[in-house]
Structure formats: structure tokens, C-alpha cells
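Next comes coords-v6.pdb, a file with PDB, C-alpha atoms and all ligand atoms.
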ATOM      1  CA  MET Q   1     -64.692   0.084 -23.475  1.00  0.00           C
ATOM      2  CA  ASP Q   2     -65.033   3.163 -21.286  1.00  0.00           C
ATOM      3  CA  HIS Q   3     -67.865   5.456 -22.216  1.00  0.00           C
ATOM      4  CA  TRP Q   4     -68.781   9.014 -21.214  1.00  0.00           C
ATOM      5  CA  THR Q   5     -72.032  10.961 -21.522  1.00  0.00           C
ATOM      6  CA  LEU Q   6     -72.019  14.739 -21.086  1.00  0.00           C
ATOM      7  CA  GLU Q   7     -75.188  16.749 -20.507  1.00  0.00           C
ATOM      8  CA  LYS Q   8     -75.557  20.454 -21.230  1.00  0.00           C
ATOM      9  CA  GLU Q   9     -78.700  22.404 -20.493  1.00  0.00           C
ATOM     10  CA  PHE Q  10     -80.246  25.228 -22.501  1.00  0.00           C
ATOM     11  CA  LYS Q  11     -83.412  27.291 -22.024  1.00  0.00           C
ATOM     12  CA  PHE Q  12     -85.837  29.297 -24.104  1.00  0.00           C
ATOM     13  CA  GLU Q  13     -89.209  31.010 -23.758  1.00  0.00           C
ATOM     14  CA  ALA Q  14     -91.657  30.322 -26.569  1.00  0.00           C
ATOM     15  CA  SER Q  15     -95.290  29.844 -27.475  1.00  0.00           C
ATOM     16  CA  HIS Q  16     -96.898  27.039 -29.436  1.00  0.00           C
ATOM     17  CA  GLN Q  17    -100.293  25.640 -30.304  1.00  0.00           C
ATOM     18  CA  LEU Q  18    -101.328  22.066 -31.097  1.00  0.00           C
ATOM     19  CA  PRO Q  19    -104.415  22.708 -33.222  1.00  0.00           C
ATOM     20  CA  HIS Q  20    -105.554  19.053 -33.349  1.00  0.00           C
ATOM     21  CA  HIS Q  21    -105.219  18.367 -29.622  1.00  0.00           C
ATOM     22  CA  ASP Q  22    -108.424  17.363 -27.834  1.00  0.00           C
ATOM     23  CA  GLY Q  23    -107.466  19.308 -24.704  1.00  0.00           C
ATOM     24  CA  LYS Q  24    -106.096  22.661 -23.574  1.00  0.00           C
ATOM     25  CA  CYS Q  25    -102.957  22.390 -25.744  1.00  0.00           C
ATOM     26  CA  ALA Q  26    -105.151  23.321 -28.691  1.00  0.00           C
ATOM     27  CA  ARG Q  27    -105.137  26.878 -27.318  1.00  0.00           C
ATOM     28  CA  LEU Q  28    -102.212  29.231 -27.956  1.00  0.00           C
ATOM     29  CA  HIS Q  29     -99.958  29.075 -24.877  1.00  0.00           C
ATOM     30  CA  GLY Q  30     -96.364  29.477 -23.810  1.00  0.00           C
ATOM     31  CA  HIS Q  31     -93.722  27.652 -21.786  1.00  0.00           C
ATOM     32  CA  SER Q  32     -90.336  28.245 -20.236  1.00  0.00           C
ATOM     33  CA  TRP Q  33     -88.773  25.360 -22.133  1.00  0.00           C
ATOM     34  CA  LYS Q  34     -85.775  23.524 -20.809  1.00  0.00           C
ATOM     35  CA  GLY Q  35     -83.606  21.407 -23.081  1.00  0.00           C
ATOM     36  CA  LYS Q  36     -80.601  19.193 -22.732  1.00  0.00           C
ATOM     37  CA  LEU Q  37     -77.997  18.026 -25.225  1.00  0.00           C
ATOM     38  CA  TYR Q  38     -76.379  14.637 -24.584  1.00  0.00           C
ATOM     39  CA  VAL Q  39     -72.932  14.087 -26.051  1.00  0.00           C
ATOM     40  CA  GLU Q  40     -71.316  10.642 -25.945  1.00  0.00           C
ATOM     41  CA  GLY Q  41     -67.912   9.220 -26.705  1.00  0.00           C
ATOM     42  CA  GLU Q  42     -65.140   6.819 -25.769  1.00  0.00           C
ATOM     43  CA  LYS Q  43     -62.041   8.993 -26.192  1.00  0.00           C
ATOM     44  CA  LEU Q  44     -60.850  11.924 -24.073  1.00  0.00           C
ATOM     45  CA  HIS Q  45     -58.457  14.596 -25.343  1.00  0.00           C
ATOM     46  CA  PRO Q  46     -54.980  13.257 -24.469  1.00  0.00           C
ATOM     47  CA  GLY Q  47     -53.362  16.679 -24.050  1.00  0.00           C
ATOM     48  CA  GLY Q  48     -53.551  20.403 -24.605  1.00  0.00           C
ATOM     49  CA  ALA Q  49     -56.154  22.839 -23.292  1.00  0.00           C
ATOM     50  CA  LYS Q  50     -58.899  20.175 -23.347  1.00  0.00           C
ATOM     51  CA  GLN Q  51     -56.848  17.422 -21.688  1.00  0.00           C
ATOM     52  CA  GLY Q  52     -59.058  14.857 -19.992  1.00  0.00           C
ATOM     53  CA  MET Q  53     -62.227  16.225 -21.627  1.00  0.00           C
ATOM     54  CA  LEU Q  54     -64.547  14.386 -24.013  1.00  0.00           C
ATOM     55  CA  ILE Q  55     -65.583  17.788 -25.351  1.00  0.00           C
ATOM     56  CA  ASP Q  56     -65.510  21.241 -23.752  1.00  0.00           C
ATOM     57  CA  TYR Q  57     -68.927  22.138 -22.249  1.00  0.00           C
ATOM     58  CA  ALA Q  58     -68.461  25.573 -23.836  1.00  0.00           C
ATOM     59  CA  ASP Q  59     -68.284  23.937 -27.275  1.00  0.00           C
ATOM     60  CA  ILE Q  60     -71.592  22.146 -26.623  1.00  0.00           C
ATOM     61  CA  SER Q  61     -73.201  25.479 -25.657  1.00  0.00           C
ATOM     62  CA  ALA Q  62     -71.743  27.142 -28.737  1.00  0.00           C
ATOM     63  CA  ALA Q  63     -73.390  24.520 -30.957  1.00  0.00           C
ATOM     64  CA  ILE Q  64     -76.913  25.332 -29.680  1.00  0.00           C
ATOM     65  CA  GLU Q  65     -76.642  29.112 -29.051  1.00  0.00           C
ATOM     66  CA  GLY Q  66     -77.327  30.303 -32.589  1.00  0.00           C
ATOM     67  CA  ILE Q  67     -80.259  27.916 -32.962  1.00  0.00           C
ATOM     68  CA  VAL Q  68     -81.854  29.106 -29.710  1.00  0.00           C
ATOM     69  CA  GLU Q  69     -81.358  32.719 -30.783  1.00  0.00           C
ATOM     70  CA  GLY Q  70     -82.498  32.271 -34.390  1.00  0.00           C
ATOM     71  CA  TYR Q  71     -85.440  29.868 -34.045  1.00  0.00           C
ATOM     72  CA  LEU Q  72     -86.521  29.205 -30.469  1.00  0.00           C
ATOM     73  CA  ASP Q  73     -86.258  32.007 -27.913  1.00  0.00           C
ATOM     74  CA  HIS Q  74     -89.214  34.417 -27.799  1.00  0.00           C
ATOM     75  CA  ARG Q  75     -90.707  32.812 -30.913  1.00  0.00           C
ATOM     76  CA  HIS Q  76     -94.005  31.242 -31.850  1.00  0.00           C
ATOM     77  CA  LEU Q  77     -92.732  27.735 -32.636  1.00  0.00           C
ATOM     78  CA  ASN Q  78     -95.496  26.884 -35.137  1.00  0.00           C
ATOM     79  CA  ASP Q  79     -94.104  29.715 -37.287  1.00  0.00           C
ATOM     80  CA  SER Q  80     -90.387  29.667 -36.500  1.00  0.00           C
ATOM     81  CA  LEU Q  81     -90.066  25.874 -36.967  1.00  0.00           C
ATOM     82  CA  ASP Q  82     -92.674  25.826 -39.733  1.00  0.00           C
ATOM     83  CA  MET Q  83     -94.638  23.030 -38.018  1.00  0.00           C
ATOM     84  CA  GLU Q  84     -98.375  22.584 -37.906  1.00  0.00           C
ATOM     85  CA  SER Q  85     -98.256  21.002 -34.453  1.00  0.00           C
ATOM     86  CA  PRO Q  86     -94.885  21.449 -32.681  1.00  0.00           C
ATOM     87  CA  THR Q  87     -95.006  18.850 -29.916  1.00  0.00           C
ATOM     88  CA  SER Q  88     -92.022  18.205 -27.582  1.00  0.00           C
ATOM     89  CA  GLU Q  89     -91.306  15.093 -29.639  1.00  0.00           C
ATOM     90  CA  LEU Q  90     -91.022  17.006 -32.913  1.00  0.00           C
ATOM     91  CA  ILE Q  91     -89.103  19.918 -31.349  1.00  0.00           C
ATOM     92  CA  ALA Q  92     -86.505  17.534 -29.863  1.00  0.00           C
ATOM     93  CA  GLN Q  93     -86.112  15.776 -33.235  1.00  0.00           C
ATOM     94  CA  TRP Q  94     -85.819  19.128 -35.056  1.00  0.00           C
ATOM     95  CA  ILE Q  95     -83.127  20.342 -32.632  1.00  0.00           C
ATOM     96  CA  TYR Q  96     -81.204  17.060 -33.016  1.00  0.00           C
ATOM     97  CA  LYS Q  97     -81.151  17.408 -36.803  1.00  0.00           C
ATOM     98  CA  MET Q  98     -80.023  21.047 -36.572  1.00  0.00           C
ATOM     99  CA  VAL Q  99     -77.246  20.439 -34.027  1.00  0.00           C
ATOM    100  CA  VAL Q 100     -75.739  17.110 -35.176  1.00  0.00           C
ATOM    101  CA  PRO Q 101     -73.978  18.588 -38.251  1.00  0.00           C
ATOM    102  CA  ILE Q 102     -72.200  21.052 -35.901  1.00  0.00           C
ATOM    103  CA  LEU Q 103     -71.704  18.527 -33.081  1.00  0.00           C
ATOM    104  CA  PRO Q 104     -71.304  15.002 -34.538  1.00  0.00           C
ATOM    105  CA  GLN Q 105     -70.934  13.403 -31.062  1.00  0.00           C
ATOM    106  CA  LEU Q 106     -74.501  14.482 -30.216  1.00  0.00           C
ATOM    107  CA  ALA Q 107     -76.366  11.387 -28.989  1.00  0.00           C
ATOM    108  CA  ALA Q 108     -79.757  12.717 -27.870  1.00  0.00           C
ATOM    109  CA  VAL Q 109     -81.848  15.821 -27.166  1.00  0.00           C
ATOM    110  CA  ARG Q 110     -84.201  16.228 -24.211  1.00  0.00           C
ATOM    111  CA  ILE Q 111     -87.021  18.779 -24.220  1.00  0.00           C
ATOM    112  CA  GLU Q 112     -88.991  19.596 -21.070  1.00  0.00           C
ATOM    113  CA  GLU Q 113     -92.288  21.218 -21.877  1.00  0.00           C
ATOM    114  CA  THR Q 114     -93.303  21.536 -18.230  1.00  0.00           C
ATOM    115  CA  CYS Q 115     -91.572  20.549 -15.009  1.00  0.00           C
ATOM    116  CA  THR Q 116     -93.303  17.147 -15.096  1.00  0.00           C
ATOM    117  CA  SER Q 117     -93.341  16.394 -18.846  1.00  0.00           C
ATOM    118  CA  ALA Q 118     -90.267  15.737 -20.942  1.00  0.00           C
ATOM    119  CA  CYS Q 119     -89.259  13.922 -24.088  1.00  0.00           C
ATOM    120  CA  VAL Q 120     -85.890  12.520 -25.184  1.00  0.00           C
ATOM    121  CA  PHE Q 121     -85.164  12.101 -28.884  1.00  0.00           C
ATOM    122  CA  ARG Q 122     -82.407   9.644 -29.744  1.00  0.00           C
ATOM    123  CA  PRO Q 123     -81.940   8.452 -33.328  1.00  0.00           C
ATOM    124  CA  MET Q 124     -81.589   4.774 -34.173  1.00  0.00           C
ATOM    125  CA  GLU Q 125     -78.191   3.524 -32.983  1.00  0.00           C
ATOM    126  CA  LYS Q 126     -75.422   4.464 -35.370  1.00  0.00           C
ATOM    127  CA  THR Q 127     -73.552   1.211 -36.087  1.00  0.00           C
ATOM    128  CA  SER Q 128     -69.879   1.641 -35.305  1.00  0.00           C
ATOM    129  CA  GLU Q 129     -67.086   0.365 -37.523  1.00  0.00           C
ATOM    130  CA  SER Q 130     -66.032  -2.349 -35.036  1.00  0.00           C
ATOM    131  CA  GLU Q 131     -69.611  -3.595 -34.516  1.00  0.00           C
ATOM    132  CA  LEU Q 132     -69.940  -3.926 -38.286  1.00  0.00           C
ATOM    133  CA  GLN Q 133     -66.653  -5.861 -38.409  1.00  0.00           C
ATOM    134  CA  ASP Q 134     -67.881  -8.214 -35.650  1.00  0.00           C
ATOM    135  CA  ALA Q 135     -71.136  -8.856 -37.518  1.00  0.00           C
ATOM    136  CA  VAL Q 136     -69.228  -9.764 -40.687  1.00  0.00           C
ATOM    137  CA  VAL Q 137     -66.915 -12.143 -38.773  1.00  0.00           C
ATOM    138  CA  ARG Q 138     -69.965 -13.764 -37.103  1.00  0.00           C
ATOM    139  CA  ALA Q 139     -71.727 -14.234 -40.451  1.00  0.00           C
ATOM    140  CA  ILE Q 140     -68.621 -15.907 -41.975  1.00  0.00           C
ATOM    141  CA  THR Q 141     -68.198 -18.179 -38.930  1.00  0.00           C
ATOM    142  CA  ASP Q 142     -71.875 -19.211 -39.136  1.00  0.00           C
ATOM    143  CA  ALA Q 143     -71.558 -19.914 -42.842  1.00  0.00           C
ATOM    144  CA  GLN Q 144     -68.448 -22.068 -42.208  1.00  0.00           C
ATOM    145  CA  ARG Q 145     -70.261 -24.005 -39.505  1.00  0.00           C
ATOM    146  CA  CYS Q 146     -73.100 -24.746 -41.930  1.00  0.00           C
ATOM    147  CA  GLY Q 147     -70.617 -25.944 -44.557  1.00  0.00           C
ATOM    148  CA  ARG Q 148     -71.478 -23.156 -46.974  1.00  0.00           C
ATOM    149  CA  LEU Q 149     -67.965 -21.708 -46.865  1.00  0.00           C
ATOM    150  CA  GLU Q 150     -64.583 -23.423 -46.673  1.00  0.00           C
TER     151      GLU Q 150
HETATM  152 ZN    ZN U 201     -97.525  23.271 -24.555  1.00  0.00          ZN
END

Please re-express this file's structure in C-alpha cells.
Amino acid sequence: MDHWTLEKEFKFEASHQLPHHDGKCARLHGHSWKGKLYVEGEKLHPGGAKQGMLIDYADISAAIEGIVEGYLDHRHLNDSLDMESPTSELIAQWIYKMVVPILPQLAAVRIEETCTSACVFRPMEKTSESELQDAVVRAITDAQRCGRLE
């Protein structure tokens, strides 16, 4: 099956502090954070204004805009995300959980804390309907082979 992944970048300026860290991250400091939303799917719009698109890039941006504005940009993340120690890992997971209800095709979130350090959060694979069907068929076939089912 054909498969597409779209990437859309977003940016925000924010401070954070990792109070338990045994290095300089324990001090209050800020970053120009860069993030990326990954959207995946197998079907393109067959017609209309979005013909040939998996999803409009503008719709991906729209899904993150309010969250950047309300919680991330020019904020102290320990306070705005209500986290004791907002690491890249936890920020990426938090963003995923906030965006996926608005954008169900969201597959992963990348957060770059510096230009050399980044984290990608991707939840455990969602099992698709057809994969589930295949697993059931396999289980029945195995059972038949072992003589447990007619
Ligand atoms: Zn930092």
C-alpha cells in the first residue's frame, strides 16, 4: 500500500528548568525551540480543492497554532505545561496528546531543544482494522493446523 508522511514545522521561544539535572540544565534557561508534526496516511483527496493532498499543510499549521500561542511561545514551560521537569521528551509527548484530537492522522512530534539535540515522540503503533483481521485469520489457520478447530 502506498504511504505518505507530511512534515510541518513550528517554532516557539520559551524558558524551562530541569531542577533535578546534574548539569547546567538545572539552571533557568531559554531556547528557540523548533518542532515538527508528522502526519501519515494512505489516501489522498480524490477531488475538490485538496485534490492530490493527504492533508492541506495549512490545516496542519492550524492544528498547532492555538497550542503554541496558548501554552508554548514566550512562556516558562514548567508553569505553562504544569511540569516539574519539562524535558524535550515530555514536551513532545504533551504536544502529541494536545494535537491528536484535532488532527487524528498525527503520527509523531519532533522537538529540537538545540540545533544538535532533538527528540521524536511516536506512540505505540495503532493497530489498523486490516492488520487485526489478518491476525485473526492467522490465529484460526494455526488452530486448524493443530487440530483444535475443524
Ligand atoms: Zn534546555

Please report, as a Markdown table, each residue of chain Q lying at most 7 Å from ligand ZN 201 (chain U), together with the nearest pair of atoms and the separation in Å rounded to one decimal; use all atoms listed in the file, and order rows by chain and ascending residue number.
| residue | atom | partner | partner_atom | distance |
| --- | --- | --- | --- | --- |
| Q:His16 | CA | U:ZN201 | ZN | 6.2 |
| Q:Gln17 | CA | U:ZN201 | ZN | 6.8 |
| Q:Cys25 | CA | U:ZN201 | ZN | 5.6 |
| Q:His29 | CA | U:ZN201 | ZN | 6.3 |
| Q:Gly30 | CA | U:ZN201 | ZN | 6.4 |
| Q:His31 | CA | U:ZN201 | ZN | 6.4 |
| Q:Glu113 | CA | U:ZN201 | ZN | 6.2 |

Mind dumping the selected residues with C-alpha atoms as a PDB file, in the coordinates of the input?
ATOM      1  CA  HIS Q  16     -96.898  27.039 -29.436  1.00  0.00           C
ATOM      2  CA  GLN Q  17    -100.293  25.640 -30.304  1.00  0.00           C
ATOM      3  CA  CYS Q  25    -102.957  22.390 -25.744  1.00  0.00           C
ATOM      4  CA  HIS Q  29     -99.958  29.075 -24.877  1.00  0.00           C
ATOM      5  CA  GLY Q  30     -96.364  29.477 -23.810  1.00  0.00           C
ATOM      6  CA  HIS Q  31     -93.722  27.652 -21.786  1.00  0.00           C
ATOM      7  CA  GLU Q 113     -92.288  21.218 -21.877  1.00  0.00           C
TER       8      GLU Q 113
END

Could you please give me, as a JSON list (two decimals) with C-alpha atoms, in the frame of the given file, the residues of protein, DNA or RNA lying at most 9 Å from (-86.2, 12.0, -24.1) in the coordinate frame of the file, considering only C-alpha atoms?
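Wrote it out as point37.json, contents follow:
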[["chain", "number", "residue", "atom", "x", "y", "z"],
["Q", 89, "GLU", "CA", -91.31, 15.09, -29.64],
["Q", 92, "ALA", "CA", -86.50, 17.53, -29.86],
["Q", 108, "ALA", "CA", -79.76, 12.72, -27.87],
["Q", 109, "VAL", "CA", -81.85, 15.82, -27.17],
["Q", 110, "ARG", "CA", -84.20, 16.23, -24.21],
["Q", 111, "ILE", "CA", -87.02, 18.78, -24.22],
["Q", 112, "GLU", "CA", -88.99, 19.60, -21.07],
["Q", 118, "ALA", "CA", -90.27, 15.74, -20.94],
["Q", 119, "CYS", "CA", -89.26, 13.92, -24.09],
["Q", 120, "VAL", "CA", -85.89, 12.52, -25.18],
["Q", 121, "PHE", "CA", -85.16, 12.10, -28.88],
["Q", 122, "ARG", "CA", -82.41, 9.64, -29.74]]

Point-to-point distance in Å for CA of Ser88 in chain Q and CA of Leu54 in chain Q
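These two atoms are separated by 28.0 Å.
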
When you count only C-alpha atoms, which of these residues is closest to Met53 in chain Q: Q:Ile67, Q:Ile91, Q:Arg27, Q:Trp4?
Q:Trp4

Residues in the PyMOL selection byres (((chain Q and resi 74) around 12) and not hetatm), expressed as number ranges by chain
Q: 11-16, 30-33, 68-73, 75-77, 79-80

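With CA of Val99 in chain Q on one side and CA of Leu18 in chain Q on the other, the separation reads 24.3 Å.
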
Just give me the gap between CA of Ala63 in chain Q and CA of Lys97 in chain Q in Å, one decimal is fine.
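According to the coordinates, CA of Ala63 in chain Q and CA of Lys97 in chain Q are separated by 12.0 Å.
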
Would you please work out which residue, of Q:Thr114, Q:Ser85, Q:Asn78, Q:Ser61, is nearest to Val39 in chain Q when using only C-alpha atoms?
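Using only C-alpha atoms, Val39 in chain Q sits closest to Q:Ser61.
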
Determine the nearest neighbour of Asp2 in chain Q from the options Q:Lys36, Q:Pro123, Q:Leu28, Q:Gly41, counting only C-alpha atoms.
Q:Gly41

Build an axis-aligned box that encloses every atom of range 59-67 of chain Q listed in the file, pad it by 4 Å on each side, and report its centre and edge lengths in Å to one decimal, as JSON.
{"center_x": -74.3, "center_y": 26.2, "center_z": -29.3, "size_x": 20.0, "size_y": 16.2, "size_z": 15.3}

Written as a ChimeraX atom specification, which residues does the PyMOL selection byres (((chain Q and resi 5) around 10) and not hetatm) give for the file shown?
/Q:3-4,6-7,37-42,54,105-107
